[in-house]
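Next comes start-v2.txt, with compact mmCIF, N, CA and C atoms and all ligand atoms.
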```txt
# COMPACT_ATOMS: atom_id res chain seq x y z
N MET C 1 53.47 7.09 -4.64
CA MET C 1 53.50 5.63 -4.60
C MET C 1 52.14 5.06 -4.16
N TYR C 2 51.55 5.71 -3.13
CA TYR C 2 50.23 5.25 -2.65
C TYR C 2 49.08 6.04 -3.27
N LYS C 3 49.40 6.72 -4.35
CA LYS C 3 48.39 7.55 -4.99
C LYS C 3 47.14 6.77 -5.35
N TRP C 4 47.33 5.56 -5.85
CA TRP C 4 46.17 4.75 -6.30
C TRP C 4 45.26 4.42 -5.13
N ILE C 5 45.84 4.31 -3.93
CA ILE C 5 44.99 4.02 -2.76
C ILE C 5 44.07 5.20 -2.49
N MET C 6 44.65 6.40 -2.59
CA MET C 6 43.85 7.60 -2.36
C MET C 6 42.67 7.68 -3.34
N SER C 7 42.94 7.43 -4.61
CA SER C 7 41.84 7.53 -5.56
C SER C 7 40.84 6.40 -5.37
N ALA C 8 41.31 5.24 -4.94
CA ALA C 8 40.39 4.14 -4.68
C ALA C 8 39.47 4.49 -3.51
N VAL C 9 40.06 5.02 -2.44
CA VAL C 9 39.27 5.42 -1.26
C VAL C 9 38.27 6.50 -1.62
N LEU C 10 38.75 7.44 -2.42
CA LEU C 10 37.88 8.54 -2.84
C LEU C 10 36.70 8.01 -3.66
N THR C 11 36.99 7.10 -4.57
CA THR C 11 35.94 6.52 -5.41
C THR C 11 34.92 5.78 -4.56
N ILE C 12 35.42 5.00 -3.60
CA ILE C 12 34.51 4.24 -2.72
C ILE C 12 33.64 5.20 -1.91
N ALA C 13 34.27 6.25 -1.39
CA ALA C 13 33.52 7.23 -0.60
C ALA C 13 32.42 7.89 -1.44
N CYS C 14 32.75 8.20 -2.68
CA CYS C 14 31.77 8.82 -3.57
C CYS C 14 30.61 7.86 -3.84
N LEU C 15 30.94 6.62 -4.13
CA LEU C 15 29.90 5.63 -4.42
C LEU C 15 29.00 5.44 -3.20
N PHE C 16 29.61 5.43 -2.03
CA PHE C 16 28.85 5.27 -0.79
C PHE C 16 27.89 6.45 -0.60
N GLY C 17 28.39 7.64 -0.90
CA GLY C 17 27.56 8.83 -0.81
C GLY C 17 26.37 8.77 -1.74
N VAL C 18 26.61 8.36 -2.96
CA VAL C 18 25.55 8.22 -3.95
C VAL C 18 24.55 7.17 -3.49
N TYR C 19 25.07 6.09 -2.94
CA TYR C 19 24.21 5.01 -2.43
C TYR C 19 23.29 5.53 -1.32
N LEU C 20 23.86 6.28 -0.39
CA LEU C 20 23.06 6.83 0.72
C LEU C 20 21.98 7.77 0.20
N LEU C 21 22.36 8.58 -0.75
CA LEU C 21 21.44 9.53 -1.34
C LEU C 21 20.28 8.79 -2.00
N ALA C 22 20.62 7.75 -2.73
CA ALA C 22 19.61 6.98 -3.45
C ALA C 22 18.69 6.24 -2.47
N GLN C 23 19.28 5.79 -1.36
CA GLN C 23 18.48 5.06 -0.37
C GLN C 23 17.54 6.00 0.39
N GLY C 24 18.04 7.19 0.69
CA GLY C 24 17.29 8.11 1.53
C GLY C 24 16.18 8.84 0.80
N LEU C 25 16.37 9.10 -0.47
CA LEU C 25 15.44 9.98 -1.18
C LEU C 25 14.07 9.42 -1.50
N PRO C 26 13.94 8.23 -2.06
CA PRO C 26 12.63 7.84 -2.63
C PRO C 26 11.48 7.85 -1.63
N GLN C 27 11.76 7.76 -0.36
CA GLN C 27 10.70 7.65 0.64
C GLN C 27 9.66 8.76 0.56
N LYS C 28 10.13 10.01 0.55
CA LYS C 28 9.19 11.12 0.65
C LYS C 28 8.26 11.29 -0.55
N PRO C 29 8.79 11.43 -1.75
CA PRO C 29 7.90 11.67 -2.89
C PRO C 29 6.78 10.65 -2.99
N HIS C 30 7.05 9.42 -2.58
CA HIS C 30 6.03 8.37 -2.63
C HIS C 30 4.76 8.77 -1.89
N GLU C 31 4.97 9.29 -0.69
CA GLU C 31 3.83 9.63 0.15
C GLU C 31 3.13 10.90 -0.34
N GLU C 32 3.90 11.81 -0.91
CA GLU C 32 3.36 13.12 -1.26
C GLU C 32 2.84 13.16 -2.69
N ALA C 33 3.05 12.09 -3.43
CA ALA C 33 2.82 12.16 -4.87
C ALA C 33 1.36 12.00 -5.30
N LEU C 34 0.44 12.09 -4.37
CA LEU C 34 -0.96 11.97 -4.76
C LEU C 34 -1.38 13.18 -5.57
N PRO C 35 -2.11 12.95 -6.65
CA PRO C 35 -2.62 14.07 -7.43
C PRO C 35 -3.57 14.91 -6.58
N PRO C 36 -3.75 16.19 -6.92
CA PRO C 36 -4.65 17.05 -6.14
C PRO C 36 -6.05 16.45 -6.10
N GLY C 37 -6.66 16.51 -4.94
CA GLY C 37 -8.03 16.01 -4.80
C GLY C 37 -8.11 14.53 -4.55
N GLN C 38 -6.98 13.86 -4.62
CA GLN C 38 -6.99 12.42 -4.38
C GLN C 38 -6.49 12.11 -2.98
N GLU C 39 -7.15 11.15 -2.34
CA GLU C 39 -6.73 10.79 -1.00
C GLU C 39 -6.27 9.34 -0.97
N MET C 40 -5.70 8.97 0.16
CA MET C 40 -5.13 7.63 0.26
C MET C 40 -5.93 6.79 1.25
N LEU C 41 -6.24 5.58 0.84
CA LEU C 41 -6.86 4.62 1.75
C LEU C 41 -5.95 3.41 1.82
N LYS C 42 -5.41 3.17 3.02
CA LYS C 42 -4.48 2.06 3.18
C LYS C 42 -5.17 0.90 3.87
N ILE C 43 -5.03 -0.27 3.30
CA ILE C 43 -5.59 -1.47 3.90
C ILE C 43 -4.44 -2.45 4.11
N THR C 44 -4.26 -2.85 5.35
CA THR C 44 -3.18 -3.78 5.66
C THR C 44 -3.77 -5.07 6.22
N ALA C 45 -3.28 -6.20 5.74
CA ALA C 45 -3.78 -7.48 6.21
C ALA C 45 -2.74 -8.22 7.03
N THR C 46 -3.21 -8.84 8.10
CA THR C 46 -2.36 -9.76 8.85
C THR C 46 -3.08 -11.11 8.80
N ASN C 47 -2.62 -12.06 9.59
CA ASN C 47 -3.29 -13.34 9.49
C ASN C 47 -4.70 -13.28 10.04
N PHE C 48 -5.61 -13.29 9.09
CA PHE C 48 -7.05 -13.39 9.30
C PHE C 48 -7.71 -12.15 9.86
N ASN C 49 -7.08 -10.99 9.63
CA ASN C 49 -7.68 -9.72 10.00
C ASN C 49 -7.19 -8.62 9.08
N PHE C 50 -8.05 -7.65 8.85
CA PHE C 50 -7.57 -6.41 8.25
C PHE C 50 -7.26 -5.46 9.39
N ASP C 51 -6.44 -4.46 9.14
CA ASP C 51 -5.99 -3.60 10.25
C ASP C 51 -7.11 -2.76 10.85
N GLN C 52 -8.23 -2.62 10.14
CA GLN C 52 -9.37 -1.92 10.73
C GLN C 52 -10.65 -2.69 10.47
N GLN C 53 -11.55 -2.60 11.41
CA GLN C 53 -12.86 -3.23 11.23
C GLN C 53 -13.71 -2.43 10.26
N GLU C 54 -13.51 -1.11 10.31
CA GLU C 54 -14.27 -0.21 9.45
C GLU C 54 -13.32 0.79 8.81
N TYR C 55 -13.45 0.94 7.52
CA TYR C 55 -12.70 1.97 6.81
C TYR C 55 -13.69 3.04 6.37
N HIS C 56 -13.40 4.27 6.70
CA HIS C 56 -14.34 5.34 6.36
C HIS C 56 -13.79 6.18 5.21
N VAL C 57 -14.60 6.36 4.19
CA VAL C 57 -14.20 7.22 3.08
C VAL C 57 -15.33 8.21 2.78
N LYS C 58 -14.95 9.28 2.10
CA LYS C 58 -15.93 10.32 1.78
C LYS C 58 -16.54 10.04 0.42
N ALA C 59 -17.85 10.11 0.36
CA ALA C 59 -18.55 9.87 -0.91
C ALA C 59 -18.15 10.92 -1.94
N GLY C 60 -17.99 10.46 -3.17
CA GLY C 60 -17.66 11.37 -4.26
C GLY C 60 -16.19 11.74 -4.32
N THR C 61 -15.40 11.13 -3.48
CA THR C 61 -13.96 11.44 -3.44
C THR C 61 -13.17 10.29 -4.06
N THR C 62 -12.11 10.67 -4.75
CA THR C 62 -11.25 9.67 -5.37
C THR C 62 -10.11 9.29 -4.42
N TYR C 63 -9.92 8.01 -4.27
CA TYR C 63 -8.88 7.50 -3.38
C TYR C 63 -7.91 6.62 -4.14
N LEU C 64 -6.67 6.68 -3.71
CA LEU C 64 -5.73 5.66 -4.13
C LEU C 64 -5.79 4.59 -3.04
N VAL C 65 -6.38 3.46 -3.37
CA VAL C 65 -6.52 2.39 -2.40
C VAL C 65 -5.26 1.53 -2.47
N LYS C 66 -4.58 1.42 -1.34
CA LYS C 66 -3.33 0.68 -1.30
C LYS C 66 -3.45 -0.50 -0.36
N PHE C 67 -3.08 -1.65 -0.85
CA PHE C 67 -3.20 -2.85 -0.05
C PHE C 67 -1.82 -3.45 0.20
N SER C 68 -1.61 -3.94 1.42
CA SER C 68 -0.37 -4.67 1.68
C SER C 68 -0.58 -5.76 2.72
N ASN C 69 0.21 -6.76 2.63
CA ASN C 69 0.18 -7.86 3.59
C ASN C 69 1.27 -7.65 4.62
N LYS C 70 0.89 -7.70 5.89
CA LYS C 70 1.88 -7.59 6.95
C LYS C 70 2.27 -8.99 7.39
N LEU C 71 1.32 -9.88 7.33
CA LEU C 71 1.54 -11.26 7.75
C LEU C 71 0.66 -12.15 6.89
N GLY C 72 1.25 -13.17 6.32
CA GLY C 72 0.48 -14.09 5.49
C GLY C 72 0.27 -13.55 4.09
N LYS C 73 -0.52 -14.28 3.32
CA LYS C 73 -0.79 -13.89 1.93
C LYS C 73 -2.28 -13.73 1.75
N HIS C 74 -2.70 -12.48 1.63
CA HIS C 74 -4.13 -12.22 1.53
C HIS C 74 -4.41 -11.30 0.34
N GLY C 75 -5.67 -11.13 0.10
CA GLY C 75 -6.12 -10.18 -0.91
C GLY C 75 -7.24 -9.37 -0.30
N ALA C 76 -7.58 -8.26 -0.93
CA ALA C 76 -8.68 -7.44 -0.44
C ALA C 76 -9.66 -7.21 -1.58
N GLU C 77 -10.85 -7.73 -1.40
CA GLU C 77 -11.83 -7.60 -2.45
C GLU C 77 -13.10 -6.91 -1.95
N ILE C 78 -13.57 -5.96 -2.75
CA ILE C 78 -14.89 -5.36 -2.51
C ILE C 78 -15.66 -5.59 -3.80
N LYS C 79 -16.44 -6.64 -3.79
CA LYS C 79 -17.11 -7.05 -5.03
C LYS C 79 -17.98 -5.96 -5.62
N ASP C 80 -18.78 -5.30 -4.77
CA ASP C 80 -19.73 -4.30 -5.26
C ASP C 80 -19.05 -3.10 -5.92
N LEU C 81 -17.78 -2.90 -5.63
CA LEU C 81 -17.09 -1.75 -6.19
C LEU C 81 -16.05 -2.15 -7.24
N GLY C 82 -15.98 -3.44 -7.52
CA GLY C 82 -15.02 -3.91 -8.52
C GLY C 82 -13.58 -3.76 -8.09
N ILE C 83 -13.35 -3.91 -6.78
CA ILE C 83 -11.99 -3.78 -6.27
C ILE C 83 -11.46 -5.16 -5.89
N ASN C 84 -10.30 -5.49 -6.39
CA ASN C 84 -9.65 -6.73 -5.96
C ASN C 84 -8.16 -6.50 -5.94
N LEU C 85 -7.64 -6.34 -4.74
CA LEU C 85 -6.22 -6.03 -4.60
C LEU C 85 -5.47 -7.21 -4.00
N THR C 86 -4.30 -7.46 -4.57
CA THR C 86 -3.44 -8.54 -4.07
C THR C 86 -2.02 -8.01 -4.00
N GLU C 87 -1.10 -8.89 -3.62
CA GLU C 87 0.29 -8.47 -3.54
C GLU C 87 0.83 -8.07 -4.91
N SER C 88 0.36 -8.75 -5.95
CA SER C 88 0.87 -8.45 -7.29
C SER C 88 0.13 -7.28 -7.95
N ASN C 89 -1.00 -6.92 -7.36
CA ASN C 89 -1.78 -5.79 -7.89
C ASN C 89 -2.25 -4.97 -6.70
N PRO C 90 -1.31 -4.26 -6.04
CA PRO C 90 -1.59 -3.72 -4.70
C PRO C 90 -2.30 -2.38 -4.65
N SER C 91 -2.54 -1.73 -5.77
CA SER C 91 -3.21 -0.44 -5.64
C SER C 91 -4.16 -0.18 -6.79
N GLN C 92 -5.14 0.64 -6.51
CA GLN C 92 -6.16 0.96 -7.50
C GLN C 92 -6.74 2.33 -7.16
N VAL C 93 -7.01 3.10 -8.18
CA VAL C 93 -7.64 4.40 -7.97
C VAL C 93 -9.15 4.21 -8.07
N VAL C 94 -9.83 4.59 -7.00
CA VAL C 94 -11.27 4.34 -6.93
C VAL C 94 -12.00 5.62 -6.53
N THR C 95 -13.08 5.91 -7.21
CA THR C 95 -13.95 7.00 -6.77
C THR C 95 -15.19 6.38 -6.13
N PHE C 96 -15.39 6.70 -4.86
CA PHE C 96 -16.52 6.14 -4.13
C PHE C 96 -17.74 7.03 -4.36
N ASP C 97 -18.54 6.67 -5.32
CA ASP C 97 -19.66 7.51 -5.71
C ASP C 97 -20.86 7.38 -4.79
N LYS C 98 -21.22 6.14 -4.51
CA LYS C 98 -22.48 5.91 -3.79
C LYS C 98 -22.25 5.67 -2.31
N PRO C 99 -22.91 6.48 -1.47
CA PRO C 99 -22.81 6.23 -0.03
C PRO C 99 -23.36 4.85 0.29
N GLY C 100 -22.80 4.25 1.30
CA GLY C 100 -23.28 2.92 1.69
C GLY C 100 -22.20 2.18 2.45
N THR C 101 -22.52 0.96 2.82
CA THR C 101 -21.58 0.10 3.53
C THR C 101 -21.24 -1.07 2.62
N TYR C 102 -19.97 -1.23 2.37
CA TYR C 102 -19.53 -2.27 1.45
C TYR C 102 -18.67 -3.29 2.18
N GLU C 103 -18.92 -4.54 1.89
CA GLU C 103 -18.14 -5.58 2.55
C GLU C 103 -16.78 -5.74 1.86
N LEU C 104 -15.77 -5.76 2.70
CA LEU C 104 -14.42 -6.02 2.23
C LEU C 104 -14.02 -7.39 2.75
N HIS C 105 -13.59 -8.26 1.88
CA HIS C 105 -13.14 -9.56 2.37
C HIS C 105 -11.88 -10.03 1.67
N CYS C 106 -11.27 -11.02 2.26
CA CYS C 106 -10.04 -11.58 1.72
C CYS C 106 -10.37 -12.40 0.48
N SER C 107 -9.57 -12.22 -0.57
CA SER C 107 -9.85 -12.89 -1.84
C SER C 107 -8.91 -14.04 -2.14
N ILE C 108 -8.03 -14.33 -1.21
CA ILE C 108 -7.09 -15.43 -1.42
C ILE C 108 -7.28 -16.46 -0.31
N MET C 109 -7.43 -17.71 -0.70
CA MET C 109 -7.60 -18.79 0.27
C MET C 109 -6.35 -18.83 1.15
N CYS C 110 -6.43 -18.22 2.34
CA CYS C 110 -5.22 -18.02 3.12
C CYS C 110 -5.10 -18.96 4.31
N GLY C 111 -6.15 -19.68 4.61
CA GLY C 111 -6.05 -20.61 5.73
C GLY C 111 -7.30 -20.63 6.57
N GLN C 112 -7.12 -21.07 7.80
CA GLN C 112 -8.23 -21.35 8.70
C GLN C 112 -9.18 -20.19 8.93
N GLY C 113 -8.64 -18.97 9.02
CA GLY C 113 -9.49 -17.83 9.35
C GLY C 113 -10.04 -17.12 8.13
N HIS C 114 -9.83 -17.67 6.98
CA HIS C 114 -10.17 -16.99 5.73
C HIS C 114 -11.63 -16.54 5.65
N ALA C 115 -12.55 -17.46 5.98
CA ALA C 115 -13.97 -17.17 5.82
C ALA C 115 -14.43 -16.00 6.69
N ASP C 116 -13.74 -15.77 7.80
CA ASP C 116 -14.14 -14.69 8.71
C ASP C 116 -13.32 -13.43 8.52
N MET C 117 -12.49 -13.43 7.53
CA MET C 117 -11.62 -12.28 7.32
C MET C 117 -12.37 -11.19 6.56
N LYS C 118 -13.11 -10.41 7.33
CA LYS C 118 -13.97 -9.39 6.72
C LYS C 118 -13.89 -8.08 7.47
N SER C 119 -14.05 -7.00 6.72
CA SER C 119 -14.21 -5.67 7.29
C SER C 119 -15.23 -4.96 6.42
N VAL C 120 -15.53 -3.73 6.76
CA VAL C 120 -16.43 -2.97 5.91
C VAL C 120 -15.80 -1.63 5.53
N VAL C 121 -16.18 -1.18 4.36
CA VAL C 121 -15.82 0.16 3.93
C VAL C 121 -17.09 0.98 3.93
N ILE C 122 -17.09 2.04 4.72
CA ILE C 122 -18.29 2.87 4.84
C ILE C 122 -18.08 4.17 4.06
N VAL C 123 -18.91 4.34 3.06
CA VAL C 123 -18.85 5.54 2.22
C VAL C 123 -19.95 6.49 2.69
N SER C 124 -19.55 7.68 3.12
CA SER C 124 -20.59 8.61 3.60
C SER C 124 -20.23 10.05 3.29
CU CU Z 201 -8.03 -15.41 2.85
```
Conversion result in structure tokens:
Amino acid sequence: MYKWIMSAVLTIACLFGVYLLAQGLPQKPHEEALPPGQEMLKITATNFNFDQQEYHVKAGTTYLVKFSNKLGKHGAEIKDLGINLTESNPSQVVTFDKPGTYELHCSIMCGQGHADMKSVVIVS
């Protein structure tokens, strides 16, 4: 008589299990999925600052440059290297060929602190 309840509960339990599996899994491969020889450079922006004053990268190495906003709406631009990352275009694969110091600045008019929102990327 209550057979349908059992199968309903079972179905819900199965769906929940699949949901948990789907939620838990994607995290890891994302971090590990860099091709061999490629490294990751993460740039995070908050209101009127990047998370580091200086980003250090190795010359001649290819990086997956990843940008994200923690607070506010910003962009990350390095004009000399042709890099312009925003929320809608948050990553780019870049090979830093030439050693040097490159200015990184915000590319989106974000407010009062915009003009001073600068860091440097040091390639050495
Ligand atoms: Cu800005």
Practice prompt. Set the cut-off to 6 Å, count only C-alpha atoms and all ligand atoms, and list whatever residues fall near ligand CU 201 (chain Z) as a list in words.
Written response: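 These are the residues that qualify: His74, Cys106, Ser107, Ile108, Met109, Cys110 and His114 of chain C.
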Please report, as a PyMOL selection string, each residue of segment 2-116 of chain C to which DSSP assigns strand (DSSP E or B) when run on this structure's backbone.
chain C and resi 38-46+49-50+54-57+61-69+76-78+83-85+91-96+100-105
So, with only N, CA and C atoms as the atoms that count, which of C:Thr95, C:Asn69, C:Ser88, C:Thr62 lies closest to Leu41 of chain C?
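Answer, going by the shortest atom-to-atom distance: C:Thr62.
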Problem - Backbone DSSP call of helix (DSSP H, G or I) for segment 9-64 of chain C, listed as a ChimeraX atom specification - result: /C:9-24,27-32
Among listed residues C:Pro35, C:Leu104, C:Tyr2, C:Gln112, nearest Tyr55 of chain C (using only C-alpha atoms):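 Under the stated criterion, the closest residue is C:Leu104.
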Subject >> Close residues, Ala76 of chain C itself excluded, 6 Å, all atoms listed in the file, min 4 positions apart in chain, as a PyMOL selection string >> reply: chain C and resi 83-86+105-107
- Shell around Ile43 of chain C at 5 Å using all atoms listed in the file, local window under 4 positions removed, as a VMD selection string: chain C and resid 66 to 68
